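Shown here: upload.pdb, PDB, C-alpha atoms, pLDDT in the B column.
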```pdb
ATOM      1  CA  MET A  17       0.000   0.000   0.000  1.00 68.00           C
ATOM      2  CA  ARG A  18       1.323   3.436  -0.881  1.00 78.00           C
ATOM      3  CA  ARG A  19       2.001   5.981   1.857  1.00 80.00           C
ATOM      4  CA  ASP A  20      -0.861   8.306   0.833  1.00 82.00           C
ATOM      5  CA  GLU A  21      -3.281   5.357   0.755  1.00 82.00           C
ATOM      6  CA  ALA A  22      -2.154   4.218   4.210  1.00 78.00           C
ATOM      7  CA  LEU A  23      -2.663   7.738   5.615  1.00 80.00           C
ATOM      8  CA  LEU A  24      -6.069   7.941   4.016  1.00 82.00           C
ATOM      9  CA  TRP A  25      -7.022   4.516   5.387  1.00 79.00           C
ATOM     10  CA  ARG A  26      -5.899   5.485   8.888  1.00 79.00           C
ATOM     11  CA  HIS A  27      -7.951   8.721   8.632  1.00 78.00           C
ATOM     12  CA  VAL A  28     -11.051   6.853   7.423  1.00 79.00           C
ATOM     13  CA  THR A  29     -10.910   4.069  10.018  1.00 78.00           C
ATOM     14  CA  GLU A  30      -9.920   6.324  12.913  1.00 78.00           C
ATOM     15  CA  GLY A  31     -13.381   6.472  14.506  1.00 75.00           C
ATOM     16  CA  MET A  32     -14.345   2.855  13.798  1.00 74.00           C
ATOM     17  CA  ALA A  33     -14.407   0.142  16.402  1.00 70.00           C
ATOM     18  CA  PRO A  34     -13.774  -3.525  15.547  1.00 67.00           C
ATOM     19  CA  LEU A  35     -16.743  -5.882  15.722  1.00 65.00           C
ATOM     20  CA  ASP A  36     -16.694  -8.962  17.924  1.00 66.00           C
ATOM     21  CA  ASP A  37     -15.453 -11.127  15.053  1.00 67.00           C
ATOM     22  CA  GLY A  38     -12.570  -8.778  14.287  1.00 63.00           C
ATOM     23  CA  THR A  39     -14.094  -7.069  11.218  1.00 64.00           C
ATOM     24  CA  VAL A  40     -14.568  -3.320  11.017  1.00 61.00           C
ATOM     25  CA  ALA A  41     -18.049  -1.762  10.953  1.00 62.00           C
ATOM     26  CA  ILE A  42     -18.481   0.598   8.023  1.00 62.00           C
ATOM     27  CA  PRO A  43     -20.846   3.547   8.508  1.00 61.00           C
ATOM     28  CA  GLU A  44     -23.926   3.639   6.282  1.00 64.00           C
ATOM     29  CA  ASP A  45     -23.009   7.051   4.855  1.00 63.00           C
ATOM     30  CA  MET A  46     -19.712   5.657   3.534  1.00 58.00           C
ATOM     31  CA  PRO A  47     -19.385   6.112  -0.258  1.00 60.00           C
ATOM     32  CA  PRO A  48     -19.346   2.890  -2.321  1.00 60.00           C
ATOM     33  CA  GLU A  49     -16.029   1.234  -3.131  1.00 59.00           C
ATOM     34  CA  GLU A  50     -14.296   1.980  -6.385  1.00 59.00           C
ATOM     35  CA  PRO A  51     -14.147  -0.926  -8.858  1.00 54.00           C
ATOM     36  CA  ALA A  52     -11.351  -3.396  -8.127  1.00 52.00           C
ATOM     37  CA  ALA A  53      -8.060  -3.057  -9.941  1.00 53.00           C
ATOM     38  CA  SER A  54      -7.355  -5.322 -12.887  1.00 53.00           C
ATOM     39  CA  GLY A  55      -6.590  -8.864 -11.834  1.00 50.00           C
ATOM     40  CA  GLU A  56      -9.090  -8.760  -8.950  1.00 51.00           C
ATOM     41  CA  ALA A  57     -12.641  -9.997  -9.225  1.00 51.00           C
ATOM     42  CA  ILE A  58     -15.110  -7.204  -9.934  1.00 51.00           C
ATOM     43  CA  ARG A  59     -18.489  -7.497  -8.265  1.00 56.00           C
ATOM     44  CA  GLN A  60     -21.241  -7.557 -10.850  1.00 59.00           C
ATOM     45  CA  THR A  61     -24.208  -5.352 -10.093  1.00 61.00           C
ATOM     46  CA  PRO A  62     -27.493  -6.316 -11.707  1.00 63.00           C
ATOM     47  CA  PRO A  63     -28.538  -4.055 -14.578  1.00 60.00           C
ATOM     48  CA  PRO A  64     -31.221  -1.496 -13.792  1.00 62.00           C
ATOM     49  CA  PRO A  65     -34.732  -2.736 -14.500  1.00 65.00           C
ATOM     50  CA  GLY A  66     -35.988  -2.107 -18.030  1.00 56.00           C
ATOM     51  CA  PRO A  67     -38.935   0.111 -18.833  1.00 55.00           C
ATOM     52  CA  PRO A  68     -42.255  -1.084 -17.437  1.00 55.00           C
ATOM     53  CA  PRO A  69     -44.557  -2.911 -19.867  1.00 53.00           C
ATOM     54  CA  PRO A  70     -46.826  -0.563 -21.805  1.00 53.00           C
ATOM     55  CA  THR A  71     -50.248   0.120 -20.363  1.00 53.00           C
ATOM     56  CA  ALA A  72     -53.409   0.342 -22.426  1.00 47.00           C
ATOM     57  CA  GLN A  73     -53.234   4.136 -22.213  1.00 49.00           C
ATOM     58  CA  ASP A  74     -49.708   4.094 -23.704  1.00 50.00           C
ATOM     59  CA  LEU A  75     -50.769   2.035 -26.716  1.00 53.00           C
ATOM     60  CA  PRO A  76     -52.617   3.471 -29.725  1.00 52.00           C
ATOM     61  CA  LYS A  77     -56.242   2.476 -30.230  1.00 54.00           C
ATOM     62  CA  LEU A  78     -56.626  -0.454 -32.595  1.00 56.00           C
ATOM     63  CA  GLU A  79     -59.114  -0.549 -35.424  1.00 55.00           C
ATOM     64  CA  ALA A  80     -59.908  -3.423 -37.740  1.00 56.00           C
ATOM     65  CA  GLY A  81     -57.611  -3.291 -40.753  1.00 54.00           C
ATOM     66  CA  THR A  82     -54.947  -0.991 -39.309  1.00 58.00           C
ATOM     67  CA  VAL A  83     -51.783  -2.997 -38.954  1.00 57.00           C
ATOM     68  CA  ALA A  84     -49.329  -0.700 -37.189  1.00 62.00           C
ATOM     69  CA  GLY A  85     -47.088  -2.651 -34.873  1.00 68.00           C
ATOM     70  CA  VAL A  86     -46.278  -5.552 -37.185  1.00 78.00           C
ATOM     71  CA  ASP A  87     -44.020  -5.868 -40.200  1.00 84.00           C
ATOM     72  CA  LYS A  88     -45.514  -5.609 -43.707  1.00 88.00           C
ATOM     73  CA  ARG A  89     -45.168  -9.312 -44.440  1.00 91.00           C
ATOM     74  CA  THR A  90     -46.962 -10.380 -41.246  1.00 90.00           C
ATOM     75  CA  ALA A  91     -49.678  -7.763 -41.819  1.00 88.00           C
ATOM     76  CA  ALA A  92     -50.255  -8.984 -45.377  1.00 90.00           C
ATOM     77  CA  ARG A  93     -50.352 -12.631 -44.284  1.00 92.00           C
ATOM     78  CA  LEU A  94     -52.829 -11.776 -41.514  1.00 91.00           C
ATOM     79  CA  ARG A  95     -55.148  -9.861 -43.883  1.00 91.00           C
ATOM     80  CA  ARG A  96     -55.029 -12.717 -46.433  1.00 93.00           C
ATOM     81  CA  GLY A  97     -55.781 -15.368 -43.823  1.00 93.00           C
ATOM     82  CA  GLN A  98     -52.403 -17.025 -44.369  1.00 93.00           C
ATOM     83  CA  LEU A  99     -51.277 -17.160 -40.738  1.00 94.00           C
ATOM     84  CA  PRO A 100     -52.116 -20.449 -39.036  1.00 95.00           C
ATOM     85  CA  ILE A 101     -55.142 -20.056 -36.780  1.00 96.00           C
ATOM     86  CA  GLU A 102     -54.124 -21.466 -33.411  1.00 96.00           C
ATOM     87  CA  GLY A 103     -57.449 -21.047 -31.645  1.00 95.00           C
ATOM     88  CA  ARG A 104     -61.098 -20.220 -32.353  1.00 96.00           C
ATOM     89  CA  LEU A 105     -63.762 -18.596 -30.223  1.00 96.00           C
ATOM     90  CA  ASP A 106     -67.370 -18.570 -31.431  1.00 95.00           C
ATOM     91  CA  LEU A 107     -69.486 -15.963 -29.646  1.00 94.00           C
ATOM     92  CA  HIS A 108     -72.751 -16.810 -31.465  1.00 90.00           C
ATOM     93  CA  GLY A 109     -75.730 -16.952 -29.130  1.00 88.00           C
ATOM     94  CA  LEU A 110     -74.010 -15.371 -26.122  1.00 92.00           C
ATOM     95  CA  THR A 111     -75.187 -12.261 -24.320  1.00 92.00           C
ATOM     96  CA  GLN A 112     -72.808  -9.284 -24.252  1.00 93.00           C
ATOM     97  CA  THR A 113     -71.829 -10.049 -20.665  1.00 94.00           C
ATOM     98  CA  GLU A 114     -71.120 -13.703 -21.438  1.00 95.00           C
ATOM     99  CA  ALA A 115     -69.280 -12.844 -24.649  1.00 95.00           C
ATOM    100  CA  HIS A 116     -67.126 -10.220 -22.916  1.00 95.00           C
ATOM    101  CA  ARG A 117     -66.100 -12.694 -20.203  1.00 95.00           C
ATOM    102  CA  GLU A 118     -65.478 -15.505 -22.735  1.00 96.00           C
ATOM    103  CA  LEU A 119     -63.343 -13.232 -24.907  1.00 96.00           C
ATOM    104  CA  GLY A 120     -61.176 -12.166 -21.964  1.00 95.00           C
ATOM    105  CA  ASP A 121     -60.712 -15.728 -20.726  1.00 96.00           C
ATOM    106  CA  PHE A 122     -59.995 -17.025 -24.237  1.00 96.00           C
ATOM    107  CA  LEU A 123     -57.367 -14.379 -25.059  1.00 96.00           C
ATOM    108  CA  ALA A 124     -55.639 -14.783 -21.691  1.00 95.00           C
ATOM    109  CA  ALA A 125     -55.467 -18.577 -22.101  1.00 95.00           C
ATOM    110  CA  ALA A 126     -54.347 -18.327 -25.737  1.00 95.00           C
ATOM    111  CA  GLN A 127     -51.514 -15.956 -24.856  1.00 94.00           C
ATOM    112  CA  GLU A 128     -50.511 -18.105 -21.874  1.00 94.00           C
ATOM    113  CA  ASP A 129     -50.341 -21.135 -24.206  1.00 94.00           C
ATOM    114  CA  GLY A 130     -48.083 -19.197 -26.586  1.00 93.00           C
ATOM    115  CA  ARG A 131     -50.633 -18.882 -29.385  1.00 95.00           C
ATOM    116  CA  ARG A 132     -50.185 -15.932 -31.741  1.00 94.00           C
ATOM    117  CA  CYS A 133     -53.087 -15.850 -34.209  1.00 95.00           C
ATOM    118  CA  VAL A 134     -56.635 -16.623 -33.110  1.00 96.00           C
ATOM    119  CA  LEU A 135     -60.026 -16.286 -34.769  1.00 96.00           C
ATOM    120  CA  VAL A 136     -62.903 -14.617 -32.912  1.00 96.00           C
ATOM    121  CA  ILE A 137     -66.281 -15.247 -34.539  1.00 95.00           C
ATOM    122  CA  THR A 138     -68.865 -12.588 -33.709  1.00 93.00           C
ATOM    123  CA  GLY A 139     -71.429 -13.248 -36.421  1.00 89.00           C
ATOM    124  CA  LYS A 140     -72.697 -10.606 -38.818  1.00 85.00           C
ATOM    125  CA  GLY A 141     -75.884  -9.792 -36.928  1.00 80.00           C
ATOM    126  CA  ARG A 142     -79.449  -9.684 -38.175  1.00 73.00           C
ATOM    127  CA  GLY A 143     -81.003  -6.980 -40.276  1.00 60.00           C
ATOM    128  CA  ALA A 144     -79.233  -4.051 -38.668  1.00 55.00           C
ATOM    129  CA  GLU A 145     -77.163  -2.007 -41.118  1.00 64.00           C
ATOM    130  CA  GLY A 146     -74.129  -1.805 -38.839  1.00 62.00           C
ATOM    131  CA  GLY A 147     -74.278  -5.501 -38.035  1.00 71.00           C
ATOM    132  CA  GLY A 148     -74.839  -7.268 -34.769  1.00 84.00           C
ATOM    133  CA  VAL A 149     -74.190  -6.085 -31.243  1.00 90.00           C
ATOM    134  CA  LEU A 150     -71.204  -8.384 -30.726  1.00 92.00           C
ATOM    135  CA  ARG A 151     -69.729  -7.449 -34.087  1.00 91.00           C
ATOM    136  CA  ALA A 152     -69.633  -3.824 -32.924  1.00 90.00           C
ATOM    137  CA  ALA A 153     -68.611  -4.583 -29.326  1.00 92.00           C
ATOM    138  CA  VAL A 154     -65.645  -6.950 -29.826  1.00 93.00           C
ATOM    139  CA  PRO A 155     -63.330  -4.314 -31.395  1.00 92.00           C
ATOM    140  CA  ARG A 156     -64.137  -2.030 -28.434  1.00 93.00           C
ATOM    141  CA  TRP A 157     -63.387  -4.834 -25.993  1.00 94.00           C
ATOM    142  CA  LEU A 158     -60.060  -5.561 -27.691  1.00 93.00           C
ATOM    143  CA  ASN A 159     -59.046  -1.966 -26.888  1.00 90.00           C
ATOM    144  CA  GLU A 160     -59.951  -2.208 -23.189  1.00 90.00           C
ATOM    145  CA  PRO A 161     -57.041  -2.117 -20.709  1.00 85.00           C
ATOM    146  CA  GLY A 162     -57.251  -5.828 -19.866  1.00 84.00           C
ATOM    147  CA  GLN A 163     -57.016  -6.875 -23.521  1.00 88.00           C
ATOM    148  CA  ARG A 164     -55.070  -4.107 -25.248  1.00 87.00           C
ATOM    149  CA  GLN A 165     -51.767  -5.236 -23.739  1.00 88.00           C
ATOM    150  CA  ARG A 166     -52.342  -8.716 -25.225  1.00 91.00           C
ATOM    151  CA  VAL A 167     -53.428  -7.675 -28.722  1.00 90.00           C
ATOM    152  CA  VAL A 168     -50.960  -6.462 -31.337  1.00 90.00           C
ATOM    153  CA  VAL A 169     -53.448  -6.060 -34.176  1.00 91.00           C
ATOM    154  CA  PHE A 170     -56.737  -7.419 -35.490  1.00 91.00           C
ATOM    155  CA  CYS A 171     -58.541  -7.393 -38.818  1.00 91.00           C
ATOM    156  CA  HIS A 172     -61.630  -8.888 -40.438  1.00 93.00           C
ATOM    157  CA  ALA A 173     -61.301 -12.460 -41.594  1.00 94.00           C
ATOM    158  CA  ILE A 174     -61.430 -13.613 -45.214  1.00 94.00           C
ATOM    159  CA  PRO A 175     -64.783 -15.074 -46.375  1.00 94.00           C
ATOM    160  CA  ARG A 176     -63.885 -18.744 -45.784  1.00 94.00           C
ATOM    161  CA  ASP A 177     -63.159 -17.933 -42.098  1.00 94.00           C
ATOM    162  CA  GLY A 178     -66.249 -15.777 -41.530  1.00 92.00           C
ATOM    163  CA  GLY A 179     -65.610 -12.548 -43.421  1.00 91.00           C
ATOM    164  CA  ASP A 180     -66.960  -9.453 -41.669  1.00 88.00           C
ATOM    165  CA  GLY A 181     -68.467 -11.664 -38.961  1.00 92.00           C
ATOM    166  CA  ALA A 182     -65.068 -12.776 -37.660  1.00 94.00           C
ATOM    167  CA  LEU A 183     -61.758 -11.218 -36.665  1.00 94.00           C
ATOM    168  CA  TYR A 184     -58.200 -12.460 -36.851  1.00 95.00           C
ATOM    169  CA  VAL A 185     -56.480 -11.367 -33.637  1.00 94.00           C
ATOM    170  CA  LEU A 186     -52.689 -11.354 -33.423  1.00 94.00           C
ATOM    171  CA  LEU A 187     -51.500 -11.681 -29.819  1.00 93.00           C
ATOM    172  CA  ARG A 188     -48.272 -10.462 -28.266  1.00 90.00           C
ATOM    173  CA  ARG A 189     -45.709 -13.066 -27.404  1.00 87.00           C
ATOM    174  CA  ARG A 190     -45.703 -14.042 -23.758  1.00 79.00           C
ATOM    175  CA  LYS A 191     -42.705 -12.751 -21.800  1.00 70.00           C
TER     176      LYS A 191
END
```

Kindly transcribe the structure held in the file into structure tokens.
Amino acid sequence: MRRDEALLWRHVTEGMAPLDDGTVAIPEDMPPEEPAASGEAIRQTPPPPGPPPPTAQDLPKLEAGTVAGVDKRTAARLRRGQLPIEGRLDLHGLTQTEAHRELGDFLAAAQEDGRRCVLVITGKGRGAEGGGVLRAAVPRWLNEPGQRQRVVVFCHAIPRDGGDGALYVLLRRRK
């Protein structure tokens, strides 16, 4: 140890009393140690935590057909019905309350199972110009805080999968 280091050490430890086991108690207001010199083991500190996951308020509102958030190839494959459908939920005949609960449970389970593309069948509705109640409600529900963090994008299905009465929903990968 160099002379200036020894003097500094003596000055720093002057008011410290040894513990019962012979070690020296270090005051809490003591600045942290400098990194060890080369050749000595350096203590690794964990990296600071990353940014928190986005909340529903942080994410833009989704609308059927808008495909922001995915690459062009994936968006095109989704719109053309070329992504493998890994789960289906048929909401025909359910009340809004039942359908809302079923949709939430289905999307949570699908994401937990690692599924990416699912089909949600709402039906086209009867007689009404805008379509059925569920057809109008499901896009709203997909934008609710509980679901928005799961859903990357959704769009209407191609005719063989239900056309305007069904939605392809692309889910975020589970972390």

On this structure, the PyMOL selection byres ((chain A and resi 170-173) around 9) would catch which residues? List them as a ChimeraX atom specification, sorted by chain and number. /A:78-83,94-97,135,155,158,167-169,174-187

Export of the given selection (C-alpha atoms) as an mmCIF file, in the frame of the given file:
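Contents of the output file out-v7.cif:
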```
data_model
loop_
_atom_site.group_PDB
_atom_site.id
_atom_site.type_symbol
_atom_site.label_atom_id
_atom_site.label_comp_id
_atom_site.auth_asym_id
_atom_site.auth_seq_id
_atom_site.Cartn_x
_atom_site.Cartn_y
_atom_site.Cartn_z
ATOM 1 C CA LEU A 78 -56.626 -0.454 -32.595
ATOM 2 C CA GLU A 79 -59.114 -0.549 -35.424
ATOM 3 C CA ALA A 80 -59.908 -3.423 -37.740
ATOM 4 C CA GLY A 81 -57.611 -3.291 -40.753
ATOM 5 C CA THR A 82 -54.947 -0.991 -39.309
ATOM 6 C CA VAL A 83 -51.783 -2.997 -38.954
ATOM 7 C CA LEU A 94 -52.829 -11.776 -41.514
ATOM 8 C CA ARG A 95 -55.148 -9.861 -43.883
ATOM 9 C CA ARG A 96 -55.029 -12.717 -46.433
ATOM 10 C CA GLY A 97 -55.781 -15.368 -43.823
ATOM 11 C CA LEU A 135 -60.026 -16.286 -34.769
ATOM 12 C CA PRO A 155 -63.330 -4.314 -31.395
ATOM 13 C CA LEU A 158 -60.060 -5.561 -27.691
ATOM 14 C CA VAL A 167 -53.428 -7.675 -28.722
ATOM 15 C CA VAL A 168 -50.960 -6.462 -31.337
ATOM 16 C CA VAL A 169 -53.448 -6.060 -34.176
ATOM 17 C CA ILE A 174 -61.430 -13.613 -45.214
ATOM 18 C CA PRO A 175 -64.783 -15.074 -46.375
ATOM 19 C CA ARG A 176 -63.885 -18.744 -45.784
ATOM 20 C CA ASP A 177 -63.159 -17.933 -42.098
ATOM 21 C CA GLY A 178 -66.249 -15.777 -41.530
ATOM 22 C CA GLY A 179 -65.610 -12.548 -43.421
ATOM 23 C CA ASP A 180 -66.960 -9.453 -41.669
ATOM 24 C CA GLY A 181 -68.467 -11.664 -38.961
ATOM 25 C CA ALA A 182 -65.068 -12.776 -37.660
ATOM 26 C CA LEU A 183 -61.758 -11.218 -36.665
ATOM 27 C CA TYR A 184 -58.200 -12.460 -36.851
ATOM 28 C CA VAL A 185 -56.480 -11.367 -33.637
ATOM 29 C CA LEU A 186 -52.689 -11.354 -33.423
ATOM 30 C CA LEU A 187 -51.500 -11.681 -29.819
#
```

Figure out the distance between atom CA of A:Thr138 and atom CA of A:His108, please, to one decimal in Å.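 Between these atoms lies a distance of 6.2 Å.
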
Could you write out as a PyMOL selection string the residues that the PyMOL selection byres ((chain A and resi 109) around 12) matches in the shown file? chain A and resi 106-108+110-115+137-141+148-150

Given the file shown, determine the residues that the PyMOL selection byres ((chain A and resi 130) around 12) selects; report them as a ChimeraX atom specification. /A:102-103,123-129,131-134,166,186-191

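Our summary of the geometry notes that atom CA of A:Gln165 is positioned 14.1 Å from atom CA of A:Asp121.
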
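Across the structure, atom CA of A:Met32 and atom CA of A:Asp20 are spaced 19.5 Å apart.
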
Using all atoms of stretch 88-94 of chain A listed in the file and a margin of 3 Å per side, can you give the axis-aligned box centre and edge lengths in Å to one decimal, as lines of an AutoDock Vina configuration file?
```
center_x = -49.0
center_y = -9.1
center_z = -43.3
size_x = 13.7
size_y = 13.0
size_z = 10.1
```
